[in-house]
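Below is one structure, written out as structure tokens, with a few remarks after it.
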Amino acid sequence: MMRAWILPMLFVLCGSAVATGLILKGSPGTAAALMLLFLAFAGVNSPLIFPRSIGAQEAQRRSAVDGRPVVFWRPGCTYCMRLRVRLGRGARQLHWVDIWRDPAGAAVVRAANDGNEIVPTVVVAGRPHTNPDPEWVREQLSPSA
């Protein structure tokens, strides 16, 4: 779990250091603006923008029942963020598995990608799709979901 927060914490620490330097040089307005920018980067790279992750086995079980796709992702992945942002509110309809928190999820991704942990990997009806177009993923959601 801690690994997911390394990048956001680095953004906050770097932003704090830069802001402190600017405040000491007499530029509090610039310091505040840059600190807000670093905080925004930290928020975007944190697990907070993603729906709550569940385990791979639970996600696959739920997907078998409701037919919704399973998304295997990891914090800090720009392609995962792109998928999440482009799906908008529809992202909550998917089952999300953080491969850094779930070794079984990481194993599913490696099996689908020749031993590599390439994310996002979206499983639809038992078939994995590596880094699919967000519009295609949206089409896979049933209108009633």
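By convention here, the chains of the structure tokens are called A, B, ... in the order presented, each chain's residues are numbered starting at 1, and ligands are numbered starting at 1 in the order presented.
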- Query: segment 55-57 of chain A: which residues within 10 Å, counting only C-alpha atoms, same-chain residues fewer than 5 positions away excluded, as a PyMOL selection string?
  - Reply: chain A and resi 62-63+70-72+95-99+101-108
For N, CA and C atoms, I'd like the residues from the last selection saved as a compact mmCIF listing (two decimals), in the first residue's frame.
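This is the output file part.txt:
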# COMPACT_ATOMS: atom_id res chain seq x y z
N ARG A 62 -17.35 -11.03 -9.45
CA ARG A 62 -18.38 -10.02 -9.70
C ARG A 62 -18.62 -9.83 -11.21
N SER A 63 -17.53 -9.85 -11.97
CA SER A 63 -17.64 -9.69 -13.42
C SER A 63 -18.43 -10.84 -14.04
N VAL A 70 -13.22 -5.87 -15.93
CA VAL A 70 -12.29 -5.74 -14.81
C VAL A 70 -11.08 -4.98 -15.32
N VAL A 71 -10.68 -3.93 -14.60
CA VAL A 71 -9.52 -3.13 -14.98
C VAL A 71 -8.41 -3.38 -13.98
N PHE A 72 -7.27 -3.84 -14.49
CA PHE A 72 -6.07 -4.02 -13.67
C PHE A 72 -5.22 -2.78 -13.88
N HIS A 95 -14.87 -2.90 -12.40
CA HIS A 95 -14.22 -3.49 -11.22
C HIS A 95 -12.73 -3.20 -11.34
N TRP A 96 -12.16 -2.45 -10.39
CA TRP A 96 -10.76 -2.01 -10.45
C TRP A 96 -9.92 -2.86 -9.52
N VAL A 97 -8.77 -3.33 -10.02
CA VAL A 97 -7.83 -4.14 -9.23
C VAL A 97 -6.46 -3.47 -9.29
N ASP A 98 -5.96 -3.03 -8.15
CA ASP A 98 -4.63 -2.43 -8.05
C ASP A 98 -3.62 -3.57 -7.97
N ILE A 99 -2.79 -3.71 -9.00
CA ILE A 99 -1.85 -4.85 -9.04
C ILE A 99 -0.73 -4.71 -8.01
N ARG A 101 -1.34 -3.88 -4.93
CA ARG A 101 -1.94 -4.32 -3.67
C ARG A 101 -2.39 -5.77 -3.72
N ASP A 102 -2.52 -6.32 -4.93
CA ASP A 102 -3.05 -7.67 -5.08
C ASP A 102 -2.13 -8.52 -5.95
N PRO A 103 -1.35 -9.41 -5.35
CA PRO A 103 -0.44 -10.26 -6.12
C PRO A 103 -1.17 -11.13 -7.15
N ALA A 104 -2.39 -11.55 -6.85
CA ALA A 104 -3.15 -12.35 -7.82
C ALA A 104 -3.49 -11.51 -9.05
N GLY A 105 -3.78 -10.25 -8.84
CA GLY A 105 -4.04 -9.34 -9.97
C GLY A 105 -2.81 -9.14 -10.82
N ALA A 106 -1.66 -8.99 -10.16
CA ALA A 106 -0.40 -8.85 -10.91
C ALA A 106 -0.13 -10.11 -11.73
N ALA A 107 -0.45 -11.27 -11.17
CA ALA A 107 -0.24 -12.53 -11.89
C ALA A 107 -1.15 -12.60 -13.12
N VAL A 108 -2.38 -12.14 -13.01
CA VAL A 108 -3.30 -12.13 -14.16
C VAL A 108 -2.73 -11.25 -15.27
- Task: Give the strand (DSSP E or B) residues of segment 57-144 of chain A, as assigned by DSSP on the backbone, as a PyMOL selection string.
- Result: chain A and resi 70-73+95-98+121-124+127-130
- Item | Residue among A:Ile118, A:Val44, A:Leu34, A:Leu10 lying closest to Trp73 of chain A, counting only C-alpha atoms | A:Ile118
- Query: Which of these residues is nearest to Arg82 of chain A, using only C-alpha atoms: A:Ala112, A:Ala17, A:Ile49, A:Leu7?
  - Reply: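 When distances to Arg82 of chain A are compared using only C-alpha atoms, the smallest one comes from A:Ile49.
Counting only C-alpha atoms, the residue from A:Ala59, A:Ser53, A:Arg127, A:Leu37 that sits nearest to Ser16 of chain A is A:Leu37.
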- Residue with smallest distance to Leu36 of chain A - pool A:Pro51, A:Arg138, A:Val12, A:Tyr79, counting only C-alpha atoms: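 Checking each of A:Pro51, A:Arg138, A:Val12, A:Tyr79 against Leu36 of chain A, counting only C-alpha atoms, the winner is A:Val12.
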- Quick one: distance from atom CA of Met81 of chain A to atom CA of Ala32 of chain A in Å, one decimal?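 One can read the atom CA of Met81 of chain A to atom CA of Ala32 of chain A distance as 25.6 Å.
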- Item | Å distance separating atom CA of Val123 of chain A from atom CA of Arg89 of chain A, one decimal place |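 Separating atom CA of Val123 of chain A from atom CA of Arg89 of chain A is a distance of 19.1 Å.
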- Item | Straight-line distance linking atom CA of Pro120 of chain A with atom CA of Asp66 of chain A, stated in Å to one decimal |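 Here the two named atoms are 20.6 Å from each other.
In terms of minimum interatomic distance to Thr20 of chain A, A:Met35 ranks closest within A:Asp133, A:Arg92, A:Met35, A:Thr121, counting only C-alpha atoms.
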- Message: What parts of chain A does DSSP call helix (DSSP H, G or I)? I'd like the answer as a VMD selection string.
- Response: chain A and resid 2 to 24 28 to 44 47 to 49 56 to 66 78 to 93 103 to 112 134 to 140
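The shortest atom-to-atom distance to Gln60 of chain A, with only C-alpha atoms taken into account, belongs to A:Leu94 out of A:Leu94, A:Leu141, A:Leu22, A:Ala4.
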Neighbouring residues of Pro75 of chain A were defined as those with any atom within 7 Å, considering only C-alpha atoms; residues of the same chain fewer than 6 positions away were excluded. Please report them as a compact mmCIF listing (two decimals) with N, CA and C atoms, in the first residue's frame.
# COMPACT_ATOMS: atom_id res chain seq x y z
N ALA A 4 2.11 2.83 -3.35
CA ALA A 4 1.16 3.63 -4.13
C ALA A 4 1.25 5.11 -3.79
N ASN A 45 -1.86 11.78 -9.15
CA ASN A 45 -1.04 10.57 -9.13
C ASN A 45 -1.33 9.68 -7.93
N SER A 46 -2.28 10.05 -7.12
CA SER A 46 -2.61 9.24 -5.95
C SER A 46 -3.70 8.23 -6.28
N PRO A 47 -3.85 7.22 -5.45
CA PRO A 47 -4.93 6.26 -5.66
C PRO A 47 -6.32 6.85 -5.41
